[in-house]
file structure_14.cif (mmCIF, C-alpha atoms and all ligand atoms)
data_my_file
#
loop_
_atom_site.group_PDB
_atom_site.id
_atom_site.type_symbol
_atom_site.label_atom_id
_atom_site.label_comp_id
_atom_site.auth_asym_id
_atom_site.auth_seq_id
_atom_site.Cartn_x
_atom_site.Cartn_y
_atom_site.Cartn_z
ATOM 1 C CA MET I 260 -32.065 10.328 -16.877
ATOM 2 C CA ILE I 261 -30.894 8.541 -13.719
ATOM 3 C CA THR I 262 -28.732 10.612 -11.363
ATOM 4 C CA VAL I 263 -26.286 8.823 -9.071
ATOM 5 C CA PHE I 264 -25.222 10.886 -6.061
ATOM 6 C CA GLY I 265 -21.747 10.056 -4.806
ATOM 7 C CA GLU I 266 -19.036 7.508 -5.484
ATOM 8 C CA GLY I 267 -17.957 5.164 -2.671
ATOM 9 C CA ARG I 268 -20.475 2.336 -2.992
ATOM 10 C CA GLY I 269 -21.991 4.404 -5.814
ATOM 11 C CA PHE I 270 -19.218 2.765 -7.859
ATOM 12 C CA ARG I 271 -21.362 -0.390 -7.816
ATOM 13 C CA VAL I 272 -24.365 1.496 -9.157
ATOM 14 C CA VAL I 273 -22.372 3.195 -11.929
ATOM 15 C CA TRP I 274 -20.794 -0.150 -12.868
ATOM 16 C CA LEU I 275 -24.232 -1.757 -13.105
ATOM 17 C CA LEU I 276 -25.546 1.130 -15.229
ATOM 18 C CA GLU I 277 -22.541 0.763 -17.523
ATOM 19 C CA GLU I 278 -23.086 -3.000 -17.813
ATOM 20 C CA MET I 279 -26.757 -2.409 -18.674
ATOM 21 C CA GLY I 280 -26.030 0.463 -21.076
ATOM 22 C CA LEU I 281 -28.458 2.809 -19.310
ATOM 23 C CA PRO I 282 -28.014 6.597 -19.512
ATOM 24 C CA TYR I 283 -27.073 8.275 -16.222
ATOM 25 C CA ARG I 284 -25.115 11.110 -14.749
ATOM 26 C CA LEU I 285 -22.867 11.019 -11.680
ATOM 27 C CA ARG I 286 -23.285 13.926 -9.306
ATOM 28 C CA ASP I 287 -20.261 14.322 -6.993
ATOM 29 C CA VAL I 288 -20.780 14.328 -3.243
ATOM 30 C CA ASP I 289 -17.692 15.151 -1.195
ATOM 31 C CA LEU I 290 -18.029 13.371 2.144
ATOM 32 C CA LEU I 291 -14.612 14.484 3.342
ATOM 33 C CA ALA I 292 -15.449 18.150 2.760
ATOM 34 C CA GLY I 293 -18.735 17.522 4.645
ATOM 35 C CA VAL I 294 -22.257 17.457 3.232
ATOM 36 C CA GLU I 295 -23.812 19.954 5.645
ATOM 37 C CA ASN I 296 -23.627 22.735 3.032
ATOM 38 C CA ASP I 297 -24.764 20.523 0.162
ATOM 39 C CA ALA I 298 -28.464 21.374 0.312
ATOM 40 C CA GLU I 299 -29.280 19.713 -3.014
ATOM 41 C CA PHE I 300 -27.861 16.386 -1.836
ATOM 42 C CA LEU I 301 -29.414 16.629 1.644
ATOM 43 C CA ALA I 302 -32.797 17.163 0.005
ATOM 44 C CA VAL I 303 -32.276 13.803 -1.736
ATOM 45 C CA ASN I 304 -30.851 11.955 1.284
ATOM 46 C CA PRO I 305 -31.341 13.833 4.567
ATOM 47 C CA ALA I 306 -29.286 11.124 6.298
ATOM 48 C CA GLY I 307 -26.277 12.391 4.318
ATOM 49 C CA PHE I 308 -24.703 9.120 3.163
ATOM 50 C CA ILE I 309 -23.913 7.909 -0.350
ATOM 51 C CA PRO I 310 -24.902 6.579 -2.774
ATOM 52 C CA ALA I 311 -28.409 7.798 -3.535
ATOM 53 C CA ILE I 312 -30.198 7.867 -6.853
ATOM 54 C CA GLN I 313 -32.951 9.850 -8.425
ATOM 55 C CA ASP I 314 -34.858 8.334 -11.318
ATOM 56 C CA GLY I 315 -37.845 10.504 -12.182
ATOM 57 C CA ASP I 316 -40.033 10.451 -9.082
ATOM 58 C CA VAL I 317 -38.006 7.656 -7.490
ATOM 59 C CA THR I 318 -35.410 8.443 -4.822
ATOM 60 C CA MET I 319 -33.456 5.577 -3.259
ATOM 61 C CA VAL I 320 -30.483 4.782 -1.036
ATOM 62 C CA GLU I 321 -28.617 1.497 -0.318
ATOM 63 C CA SER I 322 -26.376 0.357 -3.155
ATOM 64 C CA ILE I 323 -27.635 -3.247 -3.303
ATOM 65 C CA ALA I 324 -31.295 -2.216 -3.170
ATOM 66 C CA ILE I 325 -30.610 0.338 -5.922
ATOM 67 C CA MET I 326 -29.011 -2.346 -8.097
ATOM 68 C CA GLU I 327 -31.989 -4.658 -7.530
ATOM 69 C CA TYR I 328 -34.364 -1.820 -8.406
ATOM 70 C CA LEU I 329 -32.524 -0.950 -11.637
ATOM 71 C CA MET I 330 -32.329 -4.569 -12.795
ATOM 72 C CA ALA I 331 -35.991 -5.213 -11.985
ATOM 73 C CA ARG I 332 -37.219 -2.011 -13.621
ATOM 74 C CA TYR I 333 -34.964 -1.920 -16.685
ATOM 75 C CA GLY I 334 -34.200 -5.663 -17.100
ATOM 76 C CA PRO I 335 -34.389 -8.482 -17.724
ATOM 77 C CA THR I 336 -30.632 -8.700 -17.669
ATOM 78 C CA PRO I 337 -28.190 -11.637 -17.365
ATOM 79 C CA LEU I 338 -26.732 -9.717 -14.414
ATOM 80 C CA ALA I 339 -29.759 -10.897 -12.368
ATOM 81 C CA PRO I 340 -30.528 -14.605 -12.855
ATOM 82 C CA GLU I 341 -34.226 -15.516 -12.704
ATOM 83 C CA PRO I 342 -35.540 -17.070 -9.452
ATOM 84 C CA ASN I 343 -36.058 -20.440 -11.158
ATOM 85 C CA ASP I 344 -32.441 -20.517 -12.382
ATOM 86 C CA PRO I 345 -30.345 -23.033 -10.355
ATOM 87 C CA VAL I 346 -27.718 -20.323 -9.741
ATOM 88 C CA PHE I 347 -30.262 -17.928 -8.208
ATOM 89 C CA PRO I 348 -29.656 -18.833 -4.527
ATOM 90 C CA ALA I 349 -25.885 -18.329 -4.831
ATOM 91 C CA TYR I 350 -26.482 -15.107 -6.761
ATOM 92 C CA GLN I 351 -28.832 -13.735 -4.121
ATOM 93 C CA GLN I 352 -26.568 -14.757 -1.249
ATOM 94 C CA PHE I 353 -23.377 -13.194 -2.645
ATOM 95 C CA LEU I 354 -25.163 -10.077 -3.874
ATOM 96 C CA HIS I 355 -26.026 -9.320 -0.239
ATOM 97 C CA LEU I 356 -22.939 -10.814 1.400
ATOM 98 C CA GLY I 357 -20.878 -8.326 -0.641
ATOM 99 C CA GLU I 358 -22.381 -5.490 1.376
ATOM 100 C CA ALA I 359 -23.800 -6.883 4.631
ATOM 101 C CA GLY I 360 -20.891 -9.260 5.298
ATOM 102 C CA LEU I 361 -17.908 -7.727 3.505
ATOM 103 C CA ALA I 362 -18.105 -4.008 2.657
ATOM 104 C CA ALA I 363 -20.031 -3.002 5.785
ATOM 105 C CA SER I 364 -17.373 -4.644 7.986
ATOM 106 C CA ILE I 365 -14.248 -3.518 6.174
ATOM 107 C CA TYR I 366 -15.637 0.054 5.906
ATOM 108 C CA PHE I 367 -15.339 0.421 9.687
ATOM 109 C CA VAL I 368 -11.869 -1.122 9.720
ATOM 110 C CA SER I 369 -10.923 1.431 7.057
ATOM 111 C CA GLY I 370 -12.382 4.270 9.140
ATOM 112 C CA ALA I 371 -10.373 3.171 12.159
ATOM 113 C CA ARG I 372 -7.124 2.702 10.228
ATOM 114 C CA ASN I 373 -7.324 5.856 8.088
ATOM 115 C CA LEU I 374 -9.373 8.409 10.016
ATOM 116 C CA ALA I 375 -9.345 7.589 13.733
ATOM 117 C CA PRO I 376 -6.910 9.143 16.215
ATOM 118 C CA GLU I 377 -3.697 7.092 16.545
ATOM 119 C CA ALA I 378 -4.771 5.392 19.797
ATOM 120 C CA GLU I 379 -8.028 4.178 18.233
ATOM 121 C CA ARG I 380 -6.586 2.643 15.050
ATOM 122 C CA TRP I 381 -6.552 -0.928 16.375
ATOM 123 C CA ASN I 382 -9.525 -0.702 18.710
ATOM 124 C CA TRP I 383 -11.616 -3.731 19.670
ATOM 125 C CA SER I 384 -14.529 -2.956 17.348
ATOM 126 C CA ALA I 385 -12.217 -2.548 14.354
ATOM 127 C CA GLY I 386 -10.712 -5.941 15.231
ATOM 128 C CA GLN I 387 -14.171 -7.496 15.445
ATOM 129 C CA ALA I 388 -15.168 -5.969 12.101
ATOM 130 C CA LEU I 389 -11.986 -7.378 10.534
ATOM 131 C CA GLU I 390 -12.809 -10.855 11.894
ATOM 132 C CA VAL I 391 -16.322 -10.627 10.446
ATOM 133 C CA PHE I 392 -14.864 -9.627 7.066
ATOM 134 C CA GLU I 393 -12.390 -12.527 7.139
ATOM 135 C CA SER I 394 -14.989 -15.149 8.039
ATOM 136 C CA ARG I 395 -17.354 -14.013 5.224
ATOM 137 C CA LEU I 396 -14.431 -13.844 2.814
ATOM 138 C CA GLY I 397 -13.921 -17.571 3.479
ATOM 139 C CA LEU I 398 -17.259 -18.223 1.754
ATOM 140 C CA VAL I 399 -16.137 -16.219 -1.277
ATOM 141 C CA THR I 400 -12.848 -18.160 -1.447
ATOM 142 C CA ARG I 401 -14.682 -21.492 -1.228
ATOM 143 C CA GLN I 402 -17.017 -20.510 -4.049
ATOM 144 C CA LEU I 403 -14.182 -19.236 -6.251
ATOM 145 C CA ALA I 404 -12.448 -22.614 -5.887
ATOM 146 C CA ARG I 405 -15.496 -24.103 -7.634
ATOM 147 C CA THR I 406 -16.571 -21.522 -10.223
ATOM 148 C CA PRO I 407 -15.043 -18.444 -11.925
ATOM 149 C CA TYR I 408 -17.864 -16.157 -10.766
ATOM 150 C CA LEU I 409 -19.857 -16.177 -7.559
ATOM 151 C CA ALA I 410 -23.040 -17.421 -9.179
ATOM 152 C CA GLY I 411 -21.304 -19.905 -11.439
ATOM 153 C CA GLU I 412 -19.998 -19.583 -14.964
ATOM 154 C CA THR I 413 -21.245 -16.078 -15.766
ATOM 155 C CA PHE I 414 -20.703 -12.603 -14.368
ATOM 156 C CA THR I 415 -23.655 -11.183 -12.386
ATOM 157 C CA ALA I 416 -24.449 -8.237 -10.123
ATOM 158 C CA ALA I 417 -23.197 -10.377 -7.204
ATOM 159 C CA ASP I 418 -19.721 -9.959 -8.707
ATOM 160 C CA ILE I 419 -20.143 -6.177 -8.787
ATOM 161 C CA SER I 420 -21.167 -6.262 -5.137
ATOM 162 C CA VAL I 421 -18.276 -8.457 -3.965
ATOM 163 C CA THR I 422 -15.565 -7.004 -6.247
ATOM 164 C CA TYR I 423 -16.275 -3.563 -4.771
ATOM 165 C CA ALA I 424 -15.803 -4.939 -1.238
ATOM 166 C CA LEU I 425 -12.559 -6.757 -2.118
ATOM 167 C CA GLU I 426 -11.140 -3.631 -3.751
ATOM 168 C CA LEU I 427 -12.075 -1.580 -0.693
ATOM 169 C CA ALA I 428 -10.257 -4.063 1.554
ATOM 170 C CA ARG I 429 -7.173 -4.175 -0.642
ATOM 171 C CA ARG I 430 -6.914 -0.430 -1.156
ATOM 172 C CA ASN I 431 -8.034 0.972 2.179
ATOM 173 C CA VAL I 432 -6.617 -1.486 4.703
ATOM 174 C CA GLU I 433 -4.039 -3.291 2.559
ATOM 175 C CA PHE I 434 -5.887 -6.541 3.194
ATOM 176 C CA PRO I 435 -3.854 -9.404 1.678
ATOM 177 C CA LEU I 436 -6.233 -11.112 -0.746
ATOM 178 C CA GLY I 437 -5.371 -14.713 -1.631
ATOM 179 C CA PRO I 438 -4.521 -15.983 -5.133
ATOM 180 C CA LEU I 439 -8.096 -17.031 -5.943
ATOM 181 C CA GLU I 440 -9.481 -13.618 -5.011
ATOM 182 C CA MET I 441 -6.678 -11.787 -6.834
ATOM 183 C CA ALA I 442 -7.348 -13.778 -10.012
ATOM 184 C CA TYR I 443 -11.083 -13.151 -9.600
ATOM 185 C CA VAL I 444 -10.663 -9.393 -9.188
ATOM 186 C CA ALA I 445 -8.371 -9.330 -12.240
ATOM 187 C CA ARG I 446 -11.171 -11.101 -14.171
ATOM 188 C CA THR I 447 -13.963 -8.750 -13.090
ATOM 189 C CA ARG I 448 -11.768 -5.655 -13.533
ATOM 190 C CA ALA I 449 -11.020 -6.674 -17.116
ATOM 191 C CA ARG I 450 -14.591 -5.926 -18.168
ATOM 192 C CA ALA I 451 -15.103 -2.974 -20.513
ATOM 193 C CA ALA I 452 -17.886 -1.658 -18.255
ATOM 194 C CA TYR I 453 -15.475 -1.633 -15.290
ATOM 195 C CA HIS I 454 -13.050 0.526 -17.305
ATOM 196 C CA ARG I 455 -15.834 2.942 -18.255
ATOM 197 C CA THR I 456 -16.880 3.093 -14.600
ATOM 198 C CA MET I 457 -13.328 3.987 -13.580
ATOM 199 C CA GLU I 458 -13.331 6.732 -16.207
ATOM 200 C CA THR I 459 -16.511 8.199 -14.716
ATOM 201 C CA CYS I 460 -15.676 7.735 -11.032
ATOM 202 C CA HIS I 461 -12.767 10.161 -10.861
ATOM 203 C CA ALA I 462 -12.458 10.211 -7.048
ATOM 204 C CA THR I 463 -12.216 6.397 -6.964
ATOM 205 C CA ARG I 464 -9.742 6.452 -9.843
ATOM 206 C CA GLU I 465 -7.533 9.045 -8.158
ATOM 207 C CA TRP I 466 -7.650 7.205 -4.833
ATOM 208 C CA ALA I 467 -6.798 3.882 -6.503
ATOM 209 C CA ALA I 468 -3.908 5.464 -8.423
ATOM 210 C CA ARG I 469 -2.505 6.979 -5.211
ATOM 211 C CA ILE I 470 -2.616 3.594 -3.460
ATOM 212 C CA GLU I 471 -1.265 1.621 -6.383
ATOM 213 C CA ASN I 472 1.699 4.013 -6.847
ATOM 214 C CA ARG I 473 2.542 3.984 -3.136
HETATM 215 N N1 LIG S 1 -25.146 -0.061 3.079
HETATM 216 C C1 LIG S 1 -24.982 1.212 2.433
HETATM 217 C C2 LIG S 1 -23.730 1.873 3.013
HETATM 218 C C3 LIG S 1 -23.661 3.337 2.663
HETATM 219 C C4 LIG S 1 -22.424 3.977 3.285
HETATM 220 O O1 LIG S 1 -22.049 3.719 4.433
HETATM 221 N N2 LIG S 1 -21.778 4.855 2.485
HETATM 222 C C5 LIG S 1 -20.604 5.535 2.955
HETATM 223 C C6 LIG S 1 -19.667 5.845 1.796
HETATM 224 S S1 LIG S 1 -19.420 4.502 0.687
HETATM 225 C C7 LIG S 1 -21.013 6.851 3.576
HETATM 226 O O2 LIG S 1 -21.785 7.609 2.981
HETATM 227 N N3 LIG S 1 -20.498 7.145 4.762
HETATM 228 C C8 LIG S 1 -20.782 8.361 5.471
HETATM 229 C C9 LIG S 1 -21.939 8.220 6.419
HETATM 230 O O3 LIG S 1 -22.424 7.111 6.622
HETATM 231 O O4 LIG S 1 -22.358 9.238 6.962
HETATM 232 C C10 LIG S 1 -24.890 1.016 0.920
HETATM 233 O O5 LIG S 1 -24.565 -0.096 0.473
HETATM 234 O O6 LIG S 1 -25.197 1.948 0.164
#

call {"tool": "encode", "arguments": {"input": "structure_14.cif", "output": "structure tokens", "more": "lines below"}}
Ligand SMILES: N[C@@H](CCC(=O)N[C@@H](CS)C(=O)NCC(=O)O)C(=O)O
result
Amino acid sequence: MITVFGEGRGFRVVWLLEEMGLPYRLRDVDLLAGVENDAEFLAVNPAGFIPAIQDGDVTMVESIAIMEYLMARYGPTPLAPEPNDPVFPAYQQFLHLGEAGLAASIYFVSGARNLAPEAERWNWSAGQALEVFESRLGLVTRQLARTPYLAGETFTAADISVTYALELARRNVEFPLGPLEMAYVARTRARAAYHRTMETCHATREWAARIENR
């Protein structure tokens, strides 16, 4: 049984597990309450960030690396096109751009806007992170003008990676997504596995409901 520690970007991992139909359990990690007293979690990830997984003897962090591990170990799966598939380069690029370009940047904008002291909310680094997010988002928009999914005609793990980042931007910093991205997110969110993921990820669900009813 695979254990996923923490939501946040763990949402991607749970979504992938749901898409692949693999058994797992989600173990809550409350970052806001602080992890210093959560000895079980700190034994898994002494650095204290989420998500982490345990799969038998395997312990891993980094949501994209975890997804690649799960697809390689328990695939093959259409969520990960083969290297000789013409869509593979786009798949690989957007799988990583979803975290390294998009989520990693907007996460710090979100921290500044939602957690920082008032005077720090619009600081220079948050502005730089927002610019990085916007420039990378341009690549997503360009691709979505050509194809319904980031690697072409079919949904892949790159869409899990990027959808998570777009949802984070929309919910946490009220980033105004354009019509192509809004239609794309509506498409990826319509998947049955996304709905099951939302059922499991109660903290994400509650946070999303609070924002959407605001
Ligand atoms: N690149 C990592 C980012 C992990 C990350 O920053 N997670 C956030 C929550 S989604 C976190 O644990 N933040 C608290 C911390 O870094 O101490 C991934 O994709 O898993």

call {"tool": "residues_near_ligand", "arguments": {"input": "structure_14.cif", "ligand": "ligand LIG 1 (chain S)", "cutoff": "10 Å", "atoms": "only C-alpha atoms and all ligand atoms", "output": "PyMOL selection string"}}
result
chain I and resi 265-272+288-291+293-294+306-311+319-326+355+357-359+362-363+366-367+370+420+427

call {"tool": "closest_residue", "arguments": {"input": "structure_14.cif", "among": "I:Leu276, I:Leu356, I:Trp466, I:Gln351", "to": "Met330 in chain I", "atoms": "all atoms listed in the file"}}
result
I:Leu276

call {"tool": "resolve_selection", "arguments": {"input": "structure_14.cif", "expression": "the PyMOL selection byres (((chain I and resi 432-445) around 8) and not hetatm)", "output": "mmCIF file with C-alpha atoms, in the frame of the given file"}}
result
data_model
loop_
_atom_site.group_PDB
_atom_site.id
_atom_site.type_symbol
_atom_site.label_atom_id
_atom_site.label_comp_id
_atom_site.auth_asym_id
_atom_site.auth_seq_id
_atom_site.Cartn_x
_atom_site.Cartn_y
_atom_site.Cartn_z
ATOM 1 C CA VAL I 368 -11.869 -1.122 9.720
ATOM 2 C CA SER I 369 -10.923 1.431 7.057
ATOM 3 C CA ARG I 372 -7.124 2.702 10.228
ATOM 4 C CA THR I 400 -12.848 -18.160 -1.447
ATOM 5 C CA LEU I 403 -14.182 -19.236 -6.251
ATOM 6 C CA ALA I 404 -12.448 -22.614 -5.887
ATOM 7 C CA PRO I 407 -15.043 -18.444 -11.925
ATOM 8 C CA TYR I 408 -17.864 -16.157 -10.766
ATOM 9 C CA THR I 422 -15.565 -7.004 -6.247
ATOM 10 C CA LEU I 425 -12.559 -6.757 -2.118
ATOM 11 C CA GLU I 426 -11.140 -3.631 -3.751
ATOM 12 C CA LEU I 427 -12.075 -1.580 -0.693
ATOM 13 C CA ALA I 428 -10.257 -4.063 1.554
ATOM 14 C CA ARG I 429 -7.173 -4.175 -0.642
ATOM 15 C CA ARG I 430 -6.914 -0.430 -1.156
ATOM 16 C CA ASN I 431 -8.034 0.972 2.179
ATOM 17 C CA ARG I 446 -11.171 -11.101 -14.171
ATOM 18 C CA THR I 447 -13.963 -8.750 -13.090
ATOM 19 C CA ARG I 448 -11.768 -5.655 -13.533
ATOM 20 C CA ALA I 449 -11.020 -6.674 -17.116
#

call {"tool": "closest_residue", "arguments": {"input": "structure_14.cif", "among": "I:Ala375, I:Ala349, I:Leu329, I:Ala388", "to": "Met279 in chain I", "atoms": "only C-alpha atoms"}}
result
I:Leu329

call {"tool": "atom_distance", "arguments": {"input": "structure_14.cif", "atom1": "CA of Gly360 in chain I", "atom2": "CA of Arg395 in chain I"}}
result
5.9 Å

call {"tool": "atom_distance", "arguments": {"input": "structure_14.cif", "atom1": "CA of Ser394 in chain I", "atom2": "CA of Leu354 in chain I"}}
result
16.5 Å

call {"tool": "atom_distance", "arguments": {"input": "structure_14.cif", "atom1": "CA of Leu285 in chain I", "atom2": "CA of Thr456 in chain I"}}
result
10.4 Å

call {"tool": "closest_residue", "arguments": {"input": "structure_14.cif", "among": "I:Ser384, I:Leu396, I:Tyr328, I:Glu278", "to": "Ala452 in chain I", "atoms": "all atoms listed in the file"}}
result
I:Glu278

call {"tool": "axis_aligned_box", "arguments": {"input": "structure_14.cif", "around": "range 354-362 of chain I", "padding_each_side": "5 Å", "output": "JSON"}}
result
{"center_x": -22.0, "center_y": -7.4, "center_z": 0.7, "size_x": 18.1, "size_y": 16.8, "size_z": 19.2}

call {"tool": "resolve_selection", "arguments": {"input": "structure_14.cif", "expression": "the PyMOL selection byres (((chain I and resi 262) around 9) and not hetatm)", "output": "ChimeraX atom specification"}}
result
/I:260-261,263-264,283-286,311-314

call {"tool": "resolve_selection", "arguments": {"input": "structure_14.cif", "expression": "the PyMOL selection byres (((chain I and resi 415) around 8) and not hetatm)", "output": "list in words"}}
result
Pro337, Leu338, Ala339, Pro340, Tyr350, Tyr408, Leu409, Ala410, Thr413, Phe414, Ala416, Ala417, Asp418 and Ile419 of chain I

call {"tool": "closest_residue", "arguments": {"input": "structure_14.cif", "among": "I:Phe392, I:Gly397, I:Glu465, I:Tyr423", "to": "Tyr453 in chain I", "atoms": "all atoms listed in the file"}}
result
I:Tyr423

call {"tool": "closest_residue", "arguments": {"input": "structure_14.cif", "among": "I:Glu295, I:Pro335, I:Met457, I:Asp316", "to": "Trp274 in chain I", "atoms": "all atoms listed in the file"}}
result
I:Met457

call {"tool": "closest_residue", "arguments": {"input": "structure_14.cif", "among": "I:Val346, I:Val317, I:Leu398, I:Ala424", "to": "Ser364 in chain I", "atoms": "only C-alpha atoms"}}
result
I:Ala424
